[in-house]
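The file structure23.csv contains CSV, C-alpha atoms:
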```
chain,number,residue,atom,x,y,z
Z,1,MET,CA,114.7,80.3,86.4
Z,2,LYS,CA,113.0,80.1,83.0
Z,3,HIS,CA,109.8,78.6,81.8
Z,4,ASN,CA,107.7,78.8,78.6
Z,5,ARG,CA,105.9,82.0,77.8
Z,6,ARG,CA,102.2,82.1,78.2
Z,7,ALA,CA,99.8,83.7,75.8
Z,8,PHE,CA,97.4,86.5,76.5
Z,9,LEU,CA,93.7,85.8,77.2
Z,10,ALA,CA,91.1,88.3,76.4
Z,11,ALA,CA,88.9,89.6,79.2
Z,12,GLY,CA,86.2,92.2,79.3
Z,13,ALA,CA,83.9,93.9,81.8
Z,14,ALA,CA,81.0,96.4,81.5
Z,15,GLY,CA,81.6,96.7,77.8
Z,16,MET,CA,85.4,97.4,78.2
Z,17,ALA,CA,87.9,94.8,77.1
Z,18,GLY,CA,91.0,94.1,79.2
Z,19,VAL,CA,93.8,91.6,78.7
Z,20,ALA,CA,94.5,89.2,81.5
Z,21,LEU,CA,97.7,87.3,81.7
Z,22,GLY,CA,96.9,83.7,81.1
Z,23,SER,CA,99.4,81.5,79.3
Z,24,ARG,CA,102.2,82.9,77.2
Z,25,ALA,CA,103.0,81.8,73.7
Z,26,GLU,CA,105.6,79.1,73.2
Z,27,ALA,CA,107.9,81.2,71.0
Z,28,ALA,CA,109.7,83.1,73.8
Z,29,VAL,CA,111.3,82.3,77.1
Z,30,TRP,CA,110.0,83.7,80.4
Z,31,GLU,CA,112.7,84.8,82.9
Z,32,ASN,CA,112.3,85.4,86.6
Z,33,VAL,CA,114.5,88.5,87.1
Z,34,LEU,CA,113.8,89.4,90.8
Z,35,SER,CA,112.1,87.4,93.5
Z,36,GLY,CA,112.7,86.3,97.1
Z,37,THR,CA,114.9,89.3,97.9
Z,38,PHE,CA,113.6,90.0,101.4
Z,39,ALA,CA,114.9,86.8,103.0
Z,40,ASP,CA,117.9,88.5,104.6
Z,41,TYR,CA,120.0,91.6,104.4
Z,42,GLY,CA,122.6,90.1,102.1
Z,43,THR,CA,119.9,89.1,99.6
Z,44,LEU,CA,118.2,92.5,100.0
Z,45,GLU,CA,121.4,94.4,99.3
Z,46,ALA,CA,122.4,92.3,96.4
Z,47,ALA,CA,119.2,93.2,94.6
Z,48,TRP,CA,118.2,96.6,95.9
Z,49,ASN,CA,119.9,100.0,96.7
Z,50,TYR,CA,118.8,102.1,99.7
Z,51,ARG,CA,117.0,105.5,99.2
Z,52,TYR,CA,115.9,106.9,95.9
Z,53,PRO,CA,118.1,106.5,92.8
Z,54,TRP,CA,118.8,110.2,93.0
Z,55,GLY,CA,119.3,110.4,96.8
Z,56,SER,CA,117.3,111.1,100.0
Z,57,ASP,CA,114.7,113.7,99.0
Z,58,HIS,CA,111.7,113.8,96.8
Z,59,ASN,CA,108.3,115.6,96.6
Z,60,GLY,CA,107.0,115.2,100.2
Z,61,THR,CA,108.2,116.0,103.7
Z,62,ALA,CA,110.1,112.8,104.4
Z,63,ARG,CA,113.8,112.4,104.0
Z,64,MET,CA,114.9,108.9,103.2
Z,65,TYR,CA,117.5,107.1,105.4
Z,66,GLY,CA,118.9,103.6,105.1
Z,67,SER,CA,122.1,101.7,104.5
Z,68,SER,CA,123.8,98.4,105.3
Z,69,SER,CA,124.6,99.8,108.8
Z,70,ASP,CA,121.4,101.8,109.3
Z,71,HIS,CA,118.1,99.8,109.6
Z,72,ASN,CA,116.1,102.3,111.6
Z,73,HIS,CA,113.8,103.0,108.6
Z,74,VAL,CA,114.4,100.1,106.2
Z,75,TYR,CA,114.4,96.7,107.9
Z,76,LEU,CA,113.3,93.1,107.5
Z,77,GLU,CA,110.9,90.9,109.4
Z,78,SER,CA,110.6,87.2,109.4
Z,79,GLY,CA,108.8,85.6,106.5
Z,80,GLY,CA,110.4,87.7,103.9
Z,81,VAL,CA,108.8,91.0,104.8
Z,82,LEU,CA,110.3,94.4,104.1
Z,83,VAL,CA,109.3,97.2,106.4
Z,84,LEU,CA,109.6,101.0,105.7
Z,85,LYS,CA,109.1,103.2,108.8
Z,86,ALA,CA,108.4,106.9,108.8
Z,87,SER,CA,109.0,108.8,112.1
Z,88,ARG,CA,108.2,112.4,112.8
Z,89,ILE,CA,111.1,114.6,113.7
Z,90,SER,CA,111.0,117.5,116.2
Z,91,TRP,CA,113.9,119.6,114.9
Z,92,ASP,CA,114.4,121.8,111.8
Z,93,GLU,CA,116.2,119.9,109.1
Z,94,GLY,CA,115.5,122.4,106.3
Z,95,ASN,CA,113.6,121.8,103.1
Z,96,SER,CA,113.5,119.0,100.6
Z,97,SER,CA,116.0,119.5,97.8
Z,98,ALA,CA,113.4,118.3,95.3
Z,99,ASP,CA,110.5,120.2,93.9
Z,100,PRO,CA,108.2,121.6,95.6
Z,101,HIS,CA,110.9,121.9,98.3
Z,102,LEU,CA,108.7,121.2,101.3
Z,103,PRO,CA,110.0,121.4,104.9
Z,104,ILE,CA,111.3,118.0,106.2
Z,105,HIS,CA,109.0,116.7,108.9
Z,106,TYR,CA,109.9,113.0,108.8
Z,107,HIS,CA,112.7,110.4,108.4
Z,108,SER,CA,111.5,107.5,106.3
Z,109,GLY,CA,112.7,104.7,104.0
Z,110,ALA,CA,113.0,103.9,100.3
Z,111,ILE,CA,114.7,101.3,98.2
Z,112,HIS,CA,115.1,100.9,94.4
Z,113,ALA,CA,115.9,97.7,92.5
Z,114,LYS,CA,119.3,97.5,90.9
Z,115,GLN,CA,117.6,95.7,87.9
Z,116,GLN,CA,116.2,98.3,85.5
Z,117,ILE,CA,113.2,97.6,83.4
Z,118,VAL,CA,113.6,98.3,79.6
Z,119,VAL,CA,110.9,97.3,77.2
Z,120,ASN,CA,112.4,96.6,73.8
Z,121,ASP,CA,112.5,94.0,71.0
Z,122,GLN,CA,114.6,91.7,73.1
Z,123,PHE,CA,112.4,92.0,76.2
Z,124,PRO,CA,108.9,92.9,74.9
Z,125,SER,CA,106.9,92.1,78.0
Z,126,TRP,CA,107.5,92.6,81.7
Z,127,GLU,CA,105.6,91.7,84.8
Z,128,VAL,CA,106.0,93.7,88.1
Z,129,LYS,CA,104.1,92.8,91.2
Z,130,GLY,CA,104.1,92.6,95.0
Z,131,GLU,CA,101.9,92.3,98.1
Z,132,PHE,CA,101.7,95.3,100.4
Z,133,GLN,CA,100.2,96.5,103.7
Z,134,ALA,CA,99.9,100.2,102.9
Z,135,PRO,CA,99.1,103.1,105.3
Z,136,SER,CA,96.2,105.1,104.0
Z,137,TRP,CA,95.4,107.9,106.4
Z,138,ARG,CA,96.0,111.7,106.0
Z,139,GLY,CA,99.7,112.5,105.5
Z,140,THR,CA,100.8,109.0,104.4
Z,141,TRP,CA,102.0,108.5,100.8
Z,142,PRO,CA,103.3,105.0,100.1
Z,143,ALA,CA,104.2,104.0,96.6
Z,144,PHE,CA,105.4,101.1,94.4
Z,145,TRP,CA,106.3,102.6,91.1
Z,146,LEU,CA,108.4,102.8,87.9
Z,147,THR,CA,110.1,106.0,86.8
Z,148,GLY,CA,112.6,106.8,84.0
Z,149,ALA,CA,116.2,106.2,84.9
Z,150,THR,CA,117.7,108.5,82.2
Z,151,SER,CA,114.7,110.8,81.5
Z,152,TRP,CA,111.2,111.6,82.8
Z,153,PRO,CA,108.6,110.6,81.7
Z,154,PRO,CA,108.0,107.6,81.6
Z,155,GLU,CA,106.3,106.8,84.9
Z,156,SER,CA,104.0,104.0,86.0
Z,157,ASP,CA,102.5,103.9,89.5
Z,158,VAL,CA,101.4,100.4,90.5
Z,159,LEU,CA,100.5,101.4,94.1
Z,160,GLU,CA,100.0,104.9,95.3
Z,161,PHE,CA,97.9,105.9,98.2
Z,162,LYS,CA,97.5,109.6,98.9
Z,163,GLY,CA,95.9,110.0,102.3
Z,164,ASP,CA,92.8,107.8,101.9
Z,165,SER,CA,91.8,104.3,101.0
Z,166,ARG,CA,91.9,104.8,97.2
Z,167,ASN,CA,94.8,103.4,95.2
Z,168,TRP,CA,96.0,105.4,92.2
Z,169,PHE,CA,97.1,103.4,89.2
Z,170,ASN,CA,98.8,106.0,87.1
Z,171,THR,CA,100.7,106.2,83.8
Z,172,TYR,CA,102.5,109.3,82.4
Z,173,ARG,CA,102.9,109.1,78.7
Z,174,ASN,CA,105.2,111.2,76.5
Z,175,GLY,CA,103.8,113.7,74.1
Z,176,SER,CA,100.2,115.0,74.4
Z,177,GLY,CA,97.8,113.7,77.0
Z,178,GLY,CA,99.9,113.6,80.2
Z,179,TRP,CA,98.5,111.3,82.9
Z,180,SER,CA,96.1,108.4,82.7
Z,181,ASN,CA,94.7,107.7,86.2
Z,182,THR,CA,92.5,104.8,87.4
Z,183,VAL,CA,91.5,105.3,91.0
Z,184,VAL,CA,90.2,102.2,92.9
Z,185,ASP,CA,88.8,101.9,96.4
Z,186,VAL,CA,90.6,99.3,98.4
Z,187,SER,CA,89.0,97.6,101.3
Z,188,ASN,CA,91.4,97.9,104.3
Z,189,PRO,CA,94.6,98.9,102.6
Z,190,GLY,CA,96.5,98.0,105.8
Z,191,ALA,CA,95.8,94.3,105.1
Z,192,TRP,CA,97.8,92.4,102.5
Z,193,HIS,CA,96.8,93.1,98.9
Z,194,GLY,CA,98.4,92.3,95.6
Z,195,TYR,CA,99.3,95.0,93.1
Z,196,ARG,CA,100.5,94.1,89.6
Z,197,ALA,CA,101.4,95.6,86.3
Z,198,TRP,CA,101.8,93.8,83.0
Z,199,ILE,CA,103.7,95.9,80.5
Z,200,THR,CA,104.0,94.8,76.8
Z,201,LYS,CA,105.3,96.5,73.7
Z,202,VAL,CA,102.6,97.3,71.1
Z,203,ASN,CA,104.6,99.3,68.5
Z,204,ALA,CA,108.0,100.9,68.0
Z,205,SER,CA,107.5,103.5,70.7
Z,206,ASP,CA,104.6,102.5,72.9
Z,207,VAL,CA,103.5,99.9,75.5
Z,208,ASP,CA,100.2,98.8,77.0
Z,209,ILE,CA,100.1,98.6,80.8
Z,210,HIS,CA,97.5,96.4,82.4
Z,211,TYR,CA,97.0,97.0,86.1
Z,212,TYR,CA,95.6,94.4,88.6
Z,213,LEU,CA,94.4,94.5,92.2
Z,214,ASP,CA,94.3,91.2,94.1
Z,215,GLY,CA,94.5,89.4,90.8
Z,216,ASN,CA,91.6,91.3,89.2
Z,217,TRP,CA,92.1,93.4,86.1
Z,218,VAL,CA,91.2,97.0,86.8
Z,219,ALA,CA,92.7,99.2,84.0
Z,220,GLN,CA,94.6,99.4,80.7
Z,221,HIS,CA,96.7,102.5,80.0
Z,222,ARG,CA,98.8,103.3,76.9
Z,223,GLY,CA,102.4,104.2,77.7
Z,224,ALA,CA,103.5,106.4,74.8
Z,225,GLY,CA,107.2,106.6,74.4
Z,226,PHE,CA,108.1,103.9,76.9
Z,227,VAL,CA,109.9,101.6,74.5
Z,228,GLY,CA,113.7,101.7,74.9
Z,229,ARG,CA,113.6,103.9,78.1
Z,230,PRO,CA,115.1,102.2,81.2
Z,231,MET,CA,113.1,102.6,84.4
Z,232,TRP,CA,113.8,102.2,88.0
Z,233,LEU,CA,111.5,100.2,90.3
Z,234,ILE,CA,111.0,102.0,93.6
Z,235,ILE,CA,109.3,101.2,96.9
Z,236,ASN,CA,109.0,104.2,99.2
Z,237,LEU,CA,107.1,105.7,102.1
Z,238,GLN,CA,106.8,109.4,101.4
Z,239,MET,CA,104.8,111.7,103.7
Z,240,GLU,CA,102.4,114.7,103.5
Z,241,GLY,CA,102.7,116.5,100.1
Z,242,SER,CA,99.8,115.1,97.9
Z,243,SER,CA,98.5,113.1,100.8
Z,244,GLY,CA,97.6,116.1,102.9
Z,245,SER,CA,98.9,117.5,106.2
Z,246,PRO,CA,99.4,117.4,109.1
Z,247,GLY,CA,100.7,113.8,108.9
Z,248,PRO,CA,100.7,111.4,111.9
Z,249,ALA,CA,102.7,112.1,115.0
Z,250,SER,CA,103.3,108.4,115.7
Z,251,ASP,CA,105.5,106.1,113.6
Z,252,THR,CA,104.0,104.8,110.3
Z,253,TYR,CA,104.7,101.4,108.7
Z,254,TYR,CA,104.6,100.2,105.2
Z,255,ARG,CA,105.2,96.5,104.5
Z,256,ALA,CA,106.0,94.6,101.3
Z,257,ARG,CA,106.5,90.9,100.4
Z,258,ASN,CA,106.7,88.7,97.3
Z,259,VAL,CA,108.0,91.6,95.2
Z,260,TYR,CA,108.7,90.2,91.7
Z,261,ILE,CA,110.0,91.2,88.3
Z,262,GLY,CA,109.8,88.9,85.3
Z,263,ARG,CA,110.2,89.3,81.5
Z,264,ASP,CA,109.9,87.7,78.1
Z,265,ARG,CA,113.1,87.2,76.2
Z,266,ALA,CA,112.2,87.1,72.5
```

Rewrite the structure from the file as structure tokens, please.
Amino acid sequence: MKHNRRAFLAAGAAGMAGVALGSRAEAAVWENVLSGTFADYGTLEAAWNYRYPWGSDHNGTARMYGSSSDHNHVYLESGGVLVLKASRISWDEGNSSADPHLPIHYHSGAIHAKQQIVVNDQFPSWEVKGEFQAPSWRGTWPAFWLTGATSWPPESDVLEFKGDSRNWFNTYRNGSGGWSNTVVDVSNPGAWHGYRAWITKVNASDVDIHYYLDGNWVAQHRGAGFVGRPMWLIINLQMEGSSGSPGPASDTYYRARNVYIGRDRA
């Protein structure tokens, strides 16, 4: 589906100016790239791959499982809801193959979109958003994030809870400076909330990323070196690591709905 591009509207708060997505200019065409993909397993698997792009392990103590024949940790509920479930294991499964090589304590779920996000002259603006019920107690580490497909950085974390009720909106930029972090308290993260990033090209190498919580603008970060670098979109339920330990003994659930990717075609 396509519709006319909307222009940016200026917004500011407490002396700081943000940019809120209002209407897009008429010069370009807006394309809906990914939406409605949690209706059934056929639709899910046409748009998403199971696990991380690089496999089953990452930086926490959960090993990701899931496939077209294994829906123990990645499954769908009615109403277009994706569920990722983390379960504590009682046996020794060794350590994660990814730095910092923590011992595996959980089986959990992750998916990544087949559609990569590349900001360039042809596609200068992208929108990434979704609604989530996120666990937020010690040892739970849910995320909805972008990471470089062929190099790291870039990285943009649209949702990241690390063991408490604060969401971390993070951007890692190339060159000097490293991370930009905006940490926002979320009232009851286990209820449905909307998380959104608007990414737009500002020069030959850099983007601006505007982050939103429940439709409210919360931060603007400069993404240096993002232009021309393809990125994966990932939804995962990692455990322990940066979210603390020990994690929960009972099953943990992370739900997503209305996940969307759109872009301007110049």

Within 7 Å of Ala219 of chain Z using only C-alpha atoms, minus same-chain residues under 2 positions, as a PyMOL selection string: chain Z and resi 182+210-211+217+221

Closest atom pairs, residues of segment 200-226 of chain Z within 12 Å of segment 127-149 of chain Z, all atoms listed in the file, as a Markdown table:
```
| residue | atom | partner | partner_atom | distance |
| --- | --- | --- | --- | --- |
| Z:Thr200 | CA | Z:Glu127 | CA | 8.7 |
| Z:Asp208 | CA | Z:Glu127 | CA | 11.8 |
| Z:Ile209 | CA | Z:Glu127 | CA | 9.7 |
| Z:His210 | CA | Z:Glu127 | CA | 9.7 |
| Z:Tyr211 | CA | Z:Lys129 | CA | 9.7 |
| Z:Tyr212 | CA | Z:Lys129 | CA | 9.0 |
| Z:Leu213 | CA | Z:Glu131 | CA | 9.8 |
| Z:Asp214 | CA | Z:Glu131 | CA | 8.7 |
| Z:Gly215 | CA | Z:Lys129 | CA | 10.2 |
| Z:Gly223 | CA | Z:Leu146 | CA | 11.9 |
| Z:Gly225 | CA | Z:Gly148 | CA | 11.0 |
| Z:Phe226 | CA | Z:Gly148 | CA | 8.9 |
```

Residue nearest Val259 of chain Z - candidates Z:Pro246, Z:Gly55, Z:Gly194, Z:Pro189, atoms counted: all atoms listed in the file: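 Of all the options, Z:Gly194 lies closest to Val259 of chain Z.
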
Which residues of segment 49-81 of chain Z sit at most 12 Å from segment 86-106 of chain Z, using all atoms listed in the file? Give each one's shortest atom pair and distance in Å (one decimal place), in chain and ascending residue order, as CSV.
```
residue,atom,partner,partner_atom,distance
Z:Tyr52,CA,Z:Ala98,CA,11.7
Z:Trp54,CA,Z:Ala98,CA,10.0
Z:Gly55,CA,Z:Ser97,CA,9.7
Z:Ser56,CA,Z:Ser97,CA,8.8
Z:Asp57,CA,Z:Ser96,CA,5.7
Z:His58,CA,Z:Ala98,CA,5.0
Z:Asn59,CA,Z:Asp99,CA,5.8
Z:Gly60,CA,Z:Leu102,CA,6.3
Z:Thr61,CA,Z:Ile104,CA,4.5
Z:Ala62,CA,Z:Tyr106,CA,4.4
Z:Arg63,CA,Z:Tyr106,CA,6.2
Z:Met64,CA,Z:Tyr106,CA,8.6
Z:Tyr65,CA,Z:Ala86,CA,9.7
Z:Gly66,CA,Z:Ala86,CA,11.6
Z:Asn72,CA,Z:Ala86,CA,9.4
Z:His73,CA,Z:Ala86,CA,6.7
Z:Val74,CA,Z:Ala86,CA,9.4
Z:Tyr75,CA,Z:Ala86,CA,11.9
```

Minimum-distance residue to Trp30 of chain Z, chosen among Z:Gly247, Z:Pro124, Z:Pro230, Z:Pro154 (using only C-alpha atoms):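 Nearest to Trp30 of chain Z: Z:Pro124.
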
Selected residue, from Z:Tyr50, Z:Trp179, Z:Tyr172, Z:Trp126, that lies nearest to Tyr260 of chain Z when counting only C-alpha atoms: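 With only C-alpha atoms as the atom set, the closest residue is Z:Trp126.
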
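Interatomic distance, atom CA of Ser67 of chain Z against atom CA of Gly36 of chain Z: 19.5 Å.
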
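As for atom CA of Ser108 of chain Z and atom CA of Leu237 of chain Z, they are spaced 6.3 Å apart.
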
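In this structure, atom CA of Glu160 of chain Z sits 25.7 Å away from atom CA of Ala46 of chain Z.
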